[in-house]
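protein-v9.txt follows; it contains compact mmCIF, C-alpha atoms and all ligand atoms.
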```txt
# COMPACT_ATOMS: atom_id res chain seq x y z
CA MET A 140 70.67 108.74 107.67
CA SER A 141 71.20 105.22 106.51
CA GLY A 142 71.70 104.41 102.83
CA THR A 143 69.62 101.32 103.55
CA ASP A 144 66.52 103.48 103.92
CA PHE A 145 67.11 106.57 101.77
CA TYR A 146 69.26 107.31 98.74
CA TYR A 147 72.61 109.08 98.89
CA GLU A 148 73.43 110.41 95.48
CA LEU A 149 77.03 109.31 95.95
CA GLN A 150 76.04 105.74 96.69
CA ALA A 151 74.09 105.55 93.44
CA ARG A 152 77.01 107.12 91.58
CA LEU A 153 79.42 104.59 93.01
CA GLY A 154 77.00 101.82 92.02
CA GLU A 155 77.17 103.10 88.44
CA GLU A 156 80.97 103.33 88.51
CA LEU A 157 81.20 99.77 89.84
CA SER A 158 78.85 98.56 87.16
CA ALA A 159 81.09 100.12 84.53
CA ILE A 160 84.17 98.27 85.81
CA ALA A 161 82.60 94.99 87.02
CA PRO A 162 84.32 91.94 85.48
CA MET A 163 81.05 90.36 84.23
CA PRO A 164 78.09 91.51 82.15
CA GLY A 165 75.40 93.61 83.88
CA PRO A 166 73.08 95.15 84.74
CA HIS A 167 74.58 94.93 88.24
CA ARG A 168 73.64 95.59 91.81
CA SER A 169 76.05 96.30 94.65
CA PHE A 170 75.82 95.81 98.39
CA PHE A 171 77.83 98.26 100.51
CA GLY A 172 79.40 97.30 103.85
CA ASN A 173 82.40 98.55 105.78
CA SER A 174 85.07 95.87 105.31
CA GLY A 175 86.27 92.92 103.29
CA THR A 176 84.81 90.34 105.61
CA GLU A 177 81.38 91.99 105.37
CA ALA A 178 81.63 91.98 101.57
CA ASN A 179 82.28 88.23 101.70
CA GLU A 180 79.49 87.63 104.22
CA ALA A 181 77.13 89.38 101.83
CA ALA A 182 78.37 87.25 98.93
CA LEU A 183 77.89 84.04 100.96
CA LYS A 184 74.40 84.99 102.06
CA LEU A 185 73.49 86.04 98.53
CA ALA A 186 74.76 82.76 97.07
CA LYS A 187 72.72 80.74 99.56
CA TYR A 188 69.64 82.92 99.09
CA SER A 189 69.67 82.95 95.32
CA THR A 190 70.51 79.26 94.74
CA LYS A 191 68.52 77.90 97.71
CA ARG A 192 71.54 75.65 98.36
CA HIS A 193 73.58 75.58 101.55
CA ASP A 194 77.14 74.33 100.99
CA ILE A 195 80.21 76.37 100.07
CA ILE A 196 83.63 75.35 98.77
CA ALA A 197 86.78 77.40 99.38
CA PHE A 198 90.52 76.65 99.21
CA PHE A 199 93.32 75.76 101.59
CA GLY A 200 95.45 78.82 102.23
CA ALA A 201 92.50 81.16 101.62
CA PHE A 202 91.87 84.26 103.67
CA HIS A 203 88.35 85.66 103.40
CA GLY A 204 87.97 87.49 106.73
CA ARG A 205 87.25 86.94 110.40
CA THR A 206 83.49 87.12 110.92
CA MET A 207 81.94 83.68 111.35
CA GLY A 208 80.89 83.01 107.74
CA SER A 209 84.08 84.35 106.16
CA LEU A 210 86.19 82.73 108.88
CA SER A 211 84.65 79.35 108.08
CA LEU A 212 86.07 79.69 104.56
CA THR A 213 89.39 81.10 105.73
CA ALA A 214 91.95 78.28 105.86
CA SER A 215 95.22 80.13 106.18
CA LYS A 216 96.48 79.88 109.76
CA VAL A 217 95.06 77.69 112.52
CA ARG A 218 95.45 80.61 114.93
CA GLN A 219 92.75 82.50 113.04
CA ARG A 220 90.23 79.67 113.65
CA GLN A 221 91.41 78.16 116.94
CA GLY A 222 89.01 78.78 119.83
CA PHE A 223 86.14 79.93 117.61
CA GLY A 224 84.61 76.64 116.49
CA PRO A 225 82.37 75.09 115.56
CA LEU A 226 82.29 77.26 112.48
CA MET A 227 79.64 77.45 109.75
CA PRO A 228 78.57 73.96 108.73
CA GLY A 229 78.60 72.92 105.07
CA THR A 230 82.03 74.34 104.19
CA TYR A 231 84.62 72.35 102.27
CA HIS A 232 88.16 73.10 101.20
CA ALA A 233 90.16 72.05 98.16
CA PRO A 234 93.86 72.55 97.37
CA TYR A 235 94.86 75.81 95.67
CA PRO A 236 97.17 75.30 92.68
CA ASP A 237 100.78 76.20 93.41
CA THR A 238 103.06 75.35 90.49
CA TYR A 239 106.22 76.23 92.43
CA ARG A 240 105.39 73.70 95.17
CA SER A 241 103.91 71.01 92.88
CA GLY A 242 106.88 71.04 90.52
CA LEU A 243 104.38 70.01 87.80
CA SER A 244 103.25 71.81 84.66
CA ALA A 245 100.55 74.46 84.98
CA ASP A 246 97.91 72.18 83.48
CA ALA A 247 98.85 69.20 85.66
CA THR A 248 98.74 71.40 88.78
CA THR A 249 95.33 72.71 87.78
CA ALA A 250 94.10 69.19 87.09
CA GLN A 251 95.10 68.04 90.60
CA CYS A 252 92.97 70.74 92.21
CA ILE A 253 89.96 70.39 89.93
CA ASP A 254 90.12 66.59 90.25
CA PHE A 255 90.12 66.94 94.04
CA ILE A 256 86.78 68.75 93.83
CA GLU A 257 85.28 66.33 91.34
CA GLN A 258 86.81 63.04 92.48
CA GLN A 259 87.05 63.59 96.23
CA LEU A 260 84.60 66.25 97.41
CA PHE A 261 81.81 65.41 94.95
CA VAL A 262 82.29 61.66 95.37
CA HIS A 263 82.83 61.35 99.12
CA LEU A 264 81.53 64.46 100.88
CA VAL A 265 79.04 66.70 99.14
CA ALA A 266 76.58 66.53 96.24
CA PRO A 267 77.32 69.26 93.70
CA ASP A 268 73.65 70.23 93.52
CA GLU A 269 73.80 71.21 97.20
CA VAL A 270 76.75 73.56 96.65
CA ALA A 271 75.71 77.20 96.46
CA ALA A 272 79.11 78.68 95.61
CA VAL A 273 82.83 78.30 95.25
CA MET A 274 84.71 81.26 96.73
CA VAL A 275 88.21 81.86 95.38
CA GLU A 276 90.95 84.48 95.45
CA PRO A 277 92.19 84.94 91.85
CA ILE A 278 95.66 85.36 93.38
CA GLN A 279 95.95 83.87 96.85
CA GLY A 280 97.05 86.72 99.13
CA GLU A 281 97.61 85.94 102.79
CA GLY A 282 98.20 82.29 101.81
CA GLY A 283 101.47 83.14 100.02
CA TYR A 284 100.87 85.42 97.03
CA ILE A 285 100.31 82.39 94.85
CA VAL A 286 99.45 83.08 91.22
CA PRO A 287 97.40 80.14 89.91
CA PRO A 288 97.66 78.93 86.32
CA GLU A 289 95.11 80.64 84.04
CA SER A 290 93.64 77.23 83.28
CA PHE A 291 92.68 76.87 86.95
CA LEU A 292 90.19 79.73 87.01
CA GLN A 293 88.91 78.70 83.57
CA ARG A 294 88.33 75.10 84.62
CA LEU A 295 86.78 76.22 87.90
CA ARG A 296 84.37 78.38 85.92
CA GLU A 297 83.51 75.49 83.64
CA LEU A 298 82.97 73.14 86.61
CA THR A 299 80.80 75.59 88.57
CA ARG A 300 78.69 76.44 85.52
CA ARG A 301 78.15 72.75 84.80
CA HIS A 302 76.71 72.21 88.28
CA GLY A 303 74.78 75.48 88.66
CA ILE A 304 77.23 76.64 91.36
CA LEU A 305 77.98 80.37 91.70
CA LEU A 306 81.59 81.52 91.38
CA ILE A 307 82.48 84.21 93.92
CA VAL A 308 85.81 85.94 93.40
CA ASP A 309 87.29 87.62 96.45
CA GLU A 310 89.14 90.63 95.03
CA VAL A 311 89.54 92.30 98.42
CA GLN A 312 93.33 92.14 98.11
CA SER A 313 93.90 91.54 94.39
CA GLY A 314 91.37 94.01 93.01
CA MET A 315 91.21 97.75 92.39
CA GLY A 316 94.01 97.99 89.86
CA ARG A 317 96.70 96.30 91.93
CA THR A 318 97.60 93.66 89.35
CA GLY A 319 97.57 96.06 86.40
CA LYS A 320 93.95 95.28 85.57
CA MET A 321 90.98 96.50 87.59
CA PHE A 322 90.37 92.94 88.84
CA ALA A 323 92.84 90.06 88.89
CA ILE A 324 90.19 87.70 87.50
CA GLU A 325 90.39 89.67 84.23
CA HIS A 326 93.81 88.13 83.51
CA SER A 327 92.05 84.76 83.07
CA GLY A 328 89.14 85.91 80.89
CA VAL A 329 86.67 84.33 83.33
CA ASP A 330 83.32 85.98 84.20
CA PRO A 331 82.50 85.45 87.89
CA ASP A 332 78.98 85.60 89.34
CA ILE A 333 79.81 87.72 92.38
CA VAL A 334 82.88 89.89 93.01
CA THR A 335 83.86 91.25 96.41
CA MET A 336 86.03 94.31 97.05
CA ALA A 337 87.42 96.28 100.00
CA LYS A 338 90.93 97.47 101.06
CA GLY A 339 92.07 99.68 98.13
CA ILE A 340 88.58 100.55 96.92
CA ALA A 341 88.28 103.67 99.08
CA SER A 342 92.01 104.26 99.63
CA GLY A 343 91.81 103.38 103.31
CA LEU A 344 88.33 104.59 104.25
CA PRO A 345 86.01 101.82 105.42
CA LEU A 346 84.17 100.30 102.48
CA GLY A 347 83.42 96.75 101.39
CA VAL A 348 81.35 95.87 98.33
CA ALA A 349 79.76 92.78 96.83
CA THR A 350 78.69 93.27 93.21
CA ALA A 351 76.62 90.81 91.20
CA PRO A 352 74.34 90.80 88.16
CA ALA A 353 70.87 92.05 89.11
CA SER A 354 69.51 88.62 88.13
CA ILE A 355 71.47 87.13 91.07
CA MET A 356 71.19 90.04 93.52
CA SER A 357 67.42 90.10 93.36
CA TRP A 358 66.73 89.90 97.08
CA PRO A 359 64.03 92.28 98.32
CA PRO A 360 64.89 95.37 100.44
CA GLY A 361 65.68 94.51 104.05
CA THR A 362 67.02 91.02 103.27
CA HIS A 363 70.57 92.19 103.96
CA ALA A 364 71.88 95.60 105.06
CA SER A 365 74.42 97.61 107.04
CA THR A 366 73.43 100.97 108.54
CA PHE A 367 76.46 103.01 107.49
CA GLY A 368 77.95 100.63 104.96
CA GLY A 369 78.69 102.80 101.95
CA ASN A 370 78.53 106.06 103.91
CA PRO A 371 78.87 109.21 101.77
CA VAL A 372 82.50 109.92 102.74
CA ALA A 373 83.64 106.38 101.88
CA CYS A 374 81.63 106.49 98.63
CA ALA A 375 83.25 109.81 97.65
CA ALA A 376 86.67 108.28 98.31
CA ALA A 377 85.82 105.24 96.19
CA VAL A 378 84.54 107.35 93.27
CA ALA A 379 87.77 109.40 93.38
CA THR A 380 89.89 106.24 93.69
CA ILE A 381 88.27 104.57 90.69
CA ALA A 382 88.84 107.74 88.62
CA LEU A 383 92.54 107.77 89.58
CA LEU A 384 92.91 104.07 88.83
CA ARG A 385 91.45 104.50 85.38
CA GLU A 386 93.41 107.66 84.68
CA SER A 387 96.89 106.41 85.57
CA LEU A 388 97.35 104.20 88.62
CA MET A 389 96.29 100.88 87.13
CA LYS A 390 98.81 101.43 84.32
CA ASN A 391 101.40 102.48 86.89
CA ALA A 392 100.82 99.22 88.78
CA GLU A 393 101.49 97.28 85.57
CA VAL A 394 104.63 99.20 84.61
CA VAL A 395 106.25 99.66 88.03
CA GLY A 396 105.12 96.16 89.03
CA ALA A 397 106.97 94.62 86.07
CA HIS A 398 110.06 96.64 87.08
CA LEU A 399 109.78 95.45 90.69
CA ILE A 400 109.31 91.81 89.69
CA ALA A 401 112.30 91.96 87.31
CA GLY A 402 114.41 93.55 90.07
CA ALA A 403 113.36 90.89 92.60
CA ARG A 404 114.16 88.12 90.08
CA ALA A 405 117.61 89.65 89.58
CA LEU A 406 118.18 89.34 93.35
CA MET A 407 117.76 85.56 93.04
CA GLU A 408 121.25 85.32 91.54
CA LYS A 409 122.82 86.82 94.65
CA HIS A 410 120.56 85.28 97.26
CA PRO A 411 119.94 81.53 97.09
CA LEU A 412 117.42 81.96 99.93
CA ILE A 413 114.94 83.31 97.34
CA GLY A 414 113.29 80.23 95.87
CA ASP A 415 110.57 81.91 93.83
CA VAL A 416 109.48 85.38 92.72
CA ARG A 417 105.92 85.65 91.45
CA GLY A 418 103.13 88.13 91.05
CA ARG A 419 101.26 90.44 88.77
CA GLY A 420 101.56 94.21 88.79
CA LEU A 421 102.17 95.51 92.30
CA MET A 422 101.12 92.25 93.96
CA VAL A 423 104.49 90.58 94.30
CA GLY A 424 105.53 87.59 96.40
CA LEU A 425 108.97 86.19 97.24
CA GLU A 426 109.20 82.67 98.67
CA PHE A 427 112.25 81.71 100.74
CA VAL A 428 113.80 78.24 100.91
CA ARG A 429 116.84 76.77 102.65
CA ASP A 430 117.67 74.67 99.61
CA ARG A 431 116.35 75.34 96.11
CA ARG A 432 116.35 71.63 95.31
CA THR A 433 114.35 70.40 98.33
CA LYS A 434 112.40 73.66 98.70
CA GLU A 435 112.65 73.35 102.49
CA ARG A 436 110.68 76.29 103.86
CA ALA A 437 112.85 79.07 105.33
CA THR A 438 110.34 80.16 107.96
CA THR A 439 112.58 81.67 110.65
CA GLU A 440 114.70 83.32 107.97
CA ARG A 441 111.55 84.88 106.50
CA ASP A 442 110.50 86.26 109.88
CA ALA A 443 113.99 87.66 110.47
CA LEU A 444 113.93 89.30 107.04
CA VAL A 445 110.60 91.03 107.71
CA LYS A 446 112.13 92.54 110.88
CA GLU A 447 115.37 93.45 109.15
CA CYS A 448 113.48 95.26 106.37
CA PHE A 449 111.42 97.11 108.99
CA ARG A 450 114.56 98.29 110.78
CA ARG A 451 115.85 99.64 107.47
CA GLY A 452 112.62 101.49 106.64
CA LEU A 453 110.89 99.03 104.31
CA LEU A 454 107.51 97.59 105.27
CA VAL A 455 106.94 94.06 104.03
CA LEU A 456 104.47 91.50 105.37
CA GLY A 457 104.68 87.76 105.62
CA ALA A 458 102.40 85.64 103.43
CA GLY A 459 101.99 81.91 103.84
CA ARG A 460 104.62 80.11 105.88
CA ASN A 461 107.80 81.31 104.18
CA ALA A 462 106.98 84.08 101.72
CA ILE A 463 106.77 87.85 101.89
CA ARG A 464 104.45 90.13 100.03
CA LEU A 465 105.33 93.40 98.38
CA SER A 466 102.04 95.25 98.14
CA PRO A 467 102.93 98.94 97.92
CA PRO A 468 100.57 101.85 97.22
CA LEU A 469 99.83 102.09 93.50
CA VAL A 470 101.48 105.54 93.30
CA LEU A 471 104.90 103.84 93.67
CA THR A 472 107.54 105.12 91.23
CA LYS A 473 110.35 103.07 89.65
CA GLU A 474 112.84 105.03 91.75
CA GLN A 475 110.98 104.09 94.93
CA ALA A 476 110.81 100.46 93.76
CA ASP A 477 114.60 100.56 93.34
CA ILE A 478 115.00 101.84 96.91
CA ALA A 479 112.84 98.93 98.13
CA LEU A 480 114.95 96.45 96.14
CA ARG A 481 118.17 97.91 97.53
CA ILE A 482 116.90 97.62 101.12
CA LEU A 483 115.71 94.07 100.43
CA ASP A 484 119.12 93.20 99.00
CA GLU A 485 120.92 94.65 102.04
CA ALA A 486 118.53 93.02 104.51
CA LEU A 487 119.00 89.62 102.83
CA ALA A 488 122.79 90.05 102.92
CA SER A 489 122.65 90.87 106.65
CA LEU A 490 120.89 87.60 107.61
CA PRO A 491 123.10 85.06 109.40
CA ARG A 492 124.05 82.19 107.08
C1 LIG B 501 91.50 88.26 100.17
C2 LIG B 501 90.95 88.89 101.41
N1 LIG B 501 89.64 88.78 101.67
C3 LIG B 501 89.09 89.33 102.76
C4 LIG B 501 89.84 90.04 103.66
C5 LIG B 501 89.19 90.64 104.87
O1 LIG B 501 89.12 92.02 104.76
P1 LIG B 501 88.87 92.94 106.06
O2 LIG B 501 90.10 92.83 106.90
O3 LIG B 501 88.65 94.31 105.49
O4 LIG B 501 87.67 92.38 106.74
C6 LIG B 501 91.21 90.18 103.44
C7 LIG B 501 92.06 90.92 104.42
O5 LIG B 501 93.22 90.73 104.55
C8 LIG B 501 91.78 89.60 102.29
O6 LIG B 501 93.09 89.70 102.02
```
Spit out the file's structure as C-alpha cells when you get a sec.
Amino acid sequence: MSGTDFYYELQARLGEELSAIAPMPGPHRSFFGNSGTEANEAALKLAKYSTKRHDIIAFFGAFHGRTMGSLSLTASKVRQRQGFGPLMPGTYHAPYPDTYRSGLSADATTAQCIDFIEQQLFVHLVAPDEVAAVMVEPIQGEGGYIVPPESFLQRLRELTRRHGILLIVDEVQSGMGRTGKMFAIEHSGVDPDIVTMAKGIASGLPLGVATAPASIMSWPPGTHASTFGGNPVACAAAVATIALLRESLMKNAEVVGAHLIAGARALMEKHPLIGDVRGRGLMVGLEFVRDRRTKERATTERDALVKECFRRGLLVLGAGRNAIRLSPPLVLTKEQADIALRILDEALASLPR
C-alpha cells in the first residue's frame, strides 16, 4: 500500500526521528520521496505553495538534481542542462563564496556574494517580494567541495528573513553526519526553513526527505505525494542509520575526517599540484593547480589523478573543474584513511610533470 493513503508505523517513527534531529525548531513535518532530486522538488513546490511567490534563487556551481525543477537550480556543468531547456522560469543564480579563488578575507568574500543578490539581482532582475526561496548547499558538493565562510550562511539567513524569503538547505550530500554534525548547516548556527536529505540517509536504499516546520508544511493531503516514497524498507534503513550516526558514526566522521584533512594538508608539501585542501569531517576536497601563485586550474591533471587512484584501488570523484572529493563511508577508520592517503601520494607522484 502507499504511505500516501495509509500509515506505515515505520514512516511515522522516521518522522519522529527526523523531528528530533532537524536543524530548526519544530514541530516538523516531513515529505518522503525516493531521491535527492525529489526531495528538492518537494522543497521548491512547498516554498512556492506556502509563500504564494514564484521565483527562486540558487548559486553558481550548485547541484540540486536532474528533474526539471531541481535541474533549473543546478548550475554546475553545462552538460547537465544542455538540450533540456527551456527550464523552469523565475530562477536566478548568484556566486557562491570561494575564499580560495577570491583571495579575499572570509567576510569580503561573503560580502561579494550577498551584495550580488542585493545590488544586482534585487536591483536589476527580480523584486525580493516575488522570491519564494533561496536554495543553498551549506558546503557546495559537486561544484568543488567549497566550504563557505560561516558569515555567508548567517548573512543569507538575515537577508532572506528580512524579505520573507524561505531558506532551503540542500543537505543531500553534506547531511547525515558526514561533516561531524548531523547537518552541515549546524556549523553556522543558522536555522533554515526547509532541509532536504537523501544519499546517506538510508545507507543506499532509495529515500529522499524534505523536512520543514509544520507551520510551513501545512499543505492539505494530496497536494504533493509519491506512491512508494518512504517505503517501509527504506524507512527501516533510515531509522537504523540515524541510530548508528548518533551512537558513533557522526563522531567518527569528525575524528577520522580531521585525521584525513591533516594528512591531505601534509601532502601539500610534497606535491605543489595541490593548491587547496578543505572540508569538514569526512567531506574533504582537494583542488589542483598548475601554479600556486596564478591558481591556474589543473583540469587534465585532475582527471588523470582520478584514473590513477582508481587503478590503485582508491575511488575518488571529481568535483568542480579541478578538484577531487574524498567522501568515504562514515565507518572509515584512521588506518583506512592512511591507506587512502598513501595511494593518493603515490598516484600524485606517478603523474607526468
Ligand atoms: C547536493 C545534492 N543535491 C541533490 C542531489 C540529487 O540527488 P539524487 O541523485 O538522489 O537525485 C545530489 C546528488 O548528487 C547532490 O549532491
Which chains and residue numbers are within 7 Å of ligand LIG 501 (chain B), counting only C-alpha atoms and all ligand atoms, if I want them as a compact mmCIF listing (two decimals) with C-alpha atoms, in the coordinates of the input?
```
# COMPACT_ATOMS: atom_id res chain seq x y z
CA SER A 174 85.07 95.87 105.31
CA GLY A 175 86.27 92.92 103.29
CA THR A 176 84.81 90.34 105.61
CA GLU A 177 81.38 91.99 105.37
CA ASN A 179 82.28 88.23 101.70
CA PHE A 202 91.87 84.26 103.67
CA HIS A 203 88.35 85.66 103.40
CA GLY A 204 87.97 87.49 106.73
CA ARG A 205 87.25 86.94 110.40
CA GLU A 276 90.95 84.48 95.45
CA GLY A 280 97.05 86.72 99.13
CA GLU A 281 97.61 85.94 102.79
CA ASP A 309 87.29 87.62 96.45
CA GLU A 310 89.14 90.63 95.03
CA VAL A 311 89.54 92.30 98.42
CA GLN A 312 93.33 92.14 98.11
CA ALA A 337 87.42 96.28 100.00
CA LYS A 338 90.93 97.47 101.06
```
Contacts of Ala462 of chain A at 6 Å or less, counting only C-alpha atoms, minus same-chain residues fewer than 6 places along, as a ChimeraX atom specification? /A:283,425-427
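Here atom CA of Ser244 of chain A and atom CA of Val270 of chain A stand 29.1 Å from one another.
Considering the residues A:Ser466, A:Gln259, A:Gln279, A:Ser241 and counting all atoms listed in the file, Thr213 of chain A has its shortest atom-to-atom contact with A:Gln279.
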Skip Arg436 of chain A itself and residues of its chain fewer than 5 positions away, then list as a list in words all residues within 7 Å of it, counting all atoms listed in the file. Phe427, Val428, Arg429 and Asn461 of chain A
Might you pull out every residue within 12 Å of Phe145 of chain A, with only C-alpha atoms counted and same-chain residues fewer than 5 positions away left off, and present them as a PyMOL selection string? chain A and resi 140+150-151+360+366-367+370
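The environment of Thr238 of chain A within 9 Å, counting only C-alpha atoms and disregarding residues fewer than 6 places along the same chain, consists of A:Ser244, A:Ala245, A:Ala247, A:Thr248, A:Thr249, A:Ile285, A:Val286, A:Pro287, A:Pro288.
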Okay, now the selection with C-alpha atoms, as a CSV table (one decimal), in the frame of the given file?
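Wrote selection_34.csv, looks like this:
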```
chain,number,residue,atom,x,y,z
A,244,SER,CA,103.2,71.8,84.7
A,245,ALA,CA,100.6,74.5,85.0
A,247,ALA,CA,98.8,69.2,85.7
A,248,THR,CA,98.7,71.4,88.8
A,249,THR,CA,95.3,72.7,87.8
A,285,ILE,CA,100.3,82.4,94.8
A,286,VAL,CA,99.4,83.1,91.2
A,287,PRO,CA,97.4,80.1,89.9
A,288,PRO,CA,97.7,78.9,86.3
```
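What separates atom CA of Val334 of chain A from atom CA of Ile307 of chain A is a distance of 5.8 Å.
Closest approach to Thr380 of chain A from the set A:Ser342, A:Gln251, A:Ser489, A:Ser313 is made by A:Ser342, with distances taken over only C-alpha atoms.
Across the model, the gap from atom CA of Thr335 of chain A to atom CA of Gly208 of chain A is 14.3 Å.
Of the listed residues A:Val265, A:Ala437, A:Phe291, A:Ile400, the one whose atoms come nearest to Arg192 of chain A is A:Val265, with distances taken using all atoms listed in the file.
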Which is closer to Ala392 of chain A than all the others in A:Leu260, A:Leu210, A:Val423, A:Val329, using only C-alpha atoms? A:Val423
Counting all atoms listed in the file, which of A:Ile196, A:Met163, A:Ile340, A:Ile278 gets nearest to Ile256 of chain A? A:Ile196
Would you mind listing what lies within 8 Å of His167 of chain A as a PyMOL selection string, with only C-alpha atoms counted and same-chain residues fewer than 4 positions away left out? chain A and resi 158+350-353+356
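Minimum atom-to-atom distances from A:Glu297, A:Asp194, A:Glu289, A:Glu180 to Ala323 of chain A were compared using only C-alpha atoms, and the lowest value belongs to A:Glu289.
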Once you count only C-alpha atoms, which residues end up no further than 12 Å from (72.1, 94.6, 103.5) in the file's frame, shown as a CSV table (one decimal) with C-alpha atoms, keeping the file's coordinate frame?
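Ended up saving to out-v8.csv:
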```csv
chain,number,residue,atom,x,y,z
A,141,SER,CA,71.2,105.2,106.5
A,142,GLY,CA,71.7,104.4,102.8
A,143,THR,CA,69.6,101.3,103.6
A,144,ASP,CA,66.5,103.5,103.9
A,168,ARG,CA,73.6,95.6,91.8
A,169,SER,CA,76.0,96.3,94.6
A,170,PHE,CA,75.8,95.8,98.4
A,171,PHE,CA,77.8,98.3,100.5
A,172,GLY,CA,79.4,97.3,103.8
A,173,ASN,CA,82.4,98.6,105.8
A,177,GLU,CA,81.4,92.0,105.4
A,178,ALA,CA,81.6,92.0,101.6
A,180,GLU,CA,79.5,87.6,104.2
A,181,ALA,CA,77.1,89.4,101.8
A,182,ALA,CA,78.4,87.2,98.9
A,184,LYS,CA,74.4,85.0,102.1
A,185,LEU,CA,73.5,86.0,98.5
A,347,GLY,CA,83.4,96.8,101.4
A,348,VAL,CA,81.4,95.9,98.3
A,349,ALA,CA,79.8,92.8,96.8
A,356,MET,CA,71.2,90.0,93.5
A,358,TRP,CA,66.7,89.9,97.1
A,359,PRO,CA,64.0,92.3,98.3
A,360,PRO,CA,64.9,95.4,100.4
A,361,GLY,CA,65.7,94.5,104.0
A,362,THR,CA,67.0,91.0,103.3
A,363,HIS,CA,70.6,92.2,104.0
A,364,ALA,CA,71.9,95.6,105.1
A,365,SER,CA,74.4,97.6,107.0
A,366,THR,CA,73.4,101.0,108.5
A,367,PHE,CA,76.5,103.0,107.5
A,368,GLY,CA,78.0,100.6,105.0
A,369,GLY,CA,78.7,102.8,102.0
```
Produce the centre coordinates and the three edge lengths, each in Å to one decimal, of the box along x, y and z that contains all listed atoms of segment 189-194 of chain A with 8 Å added on each side, as JSON.
```
{"center_x": 72.8, "center_y": 78.6, "center_z": 98.1, "size_x": 24.6, "size_y": 24.6, "size_z": 22.8}
```
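With distances taken from (117.8, 90.7, 99.5) and restricted to all atoms listed in the file, the residues inside 10 Å are Ala403, Ala405, Leu406, Met407, Lys409, His410, Pro411, Leu412, Ile413, Leu444, Cys448, Ala479, Leu480, Arg481, Ile482, Leu483, Asp484, Glu485, Ala486, Leu487, Ala488, Ser489 and Leu490 of chain A.
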Would you mind exporting the chosen residues as an mmCIF file, in the frame of the given file, restricted to C-alpha atoms?
```
data_model
loop_
_atom_site.group_PDB
_atom_site.id
_atom_site.type_symbol
_atom_site.label_atom_id
_atom_site.label_comp_id
_atom_site.auth_asym_id
_atom_site.auth_seq_id
_atom_site.Cartn_x
_atom_site.Cartn_y
_atom_site.Cartn_z
ATOM 1 C CA ALA A 403 113.360 90.890 92.600
ATOM 2 C CA ALA A 405 117.610 89.650 89.580
ATOM 3 C CA LEU A 406 118.180 89.340 93.350
ATOM 4 C CA MET A 407 117.760 85.560 93.040
ATOM 5 C CA LYS A 409 122.820 86.820 94.650
ATOM 6 C CA HIS A 410 120.560 85.280 97.260
ATOM 7 C CA PRO A 411 119.940 81.530 97.090
ATOM 8 C CA LEU A 412 117.420 81.960 99.930
ATOM 9 C CA ILE A 413 114.940 83.310 97.340
ATOM 10 C CA LEU A 444 113.930 89.300 107.040
ATOM 11 C CA CYS A 448 113.480 95.260 106.370
ATOM 12 C CA ALA A 479 112.840 98.930 98.130
ATOM 13 C CA LEU A 480 114.950 96.450 96.140
ATOM 14 C CA ARG A 481 118.170 97.910 97.530
ATOM 15 C CA ILE A 482 116.900 97.620 101.120
ATOM 16 C CA LEU A 483 115.710 94.070 100.430
ATOM 17 C CA ASP A 484 119.120 93.200 99.000
ATOM 18 C CA GLU A 485 120.920 94.650 102.040
ATOM 19 C CA ALA A 486 118.530 93.020 104.510
ATOM 20 C CA LEU A 487 119.000 89.620 102.830
ATOM 21 C CA ALA A 488 122.790 90.050 102.920
ATOM 22 C CA SER A 489 122.650 90.870 106.650
ATOM 23 C CA LEU A 490 120.890 87.600 107.610
#
```
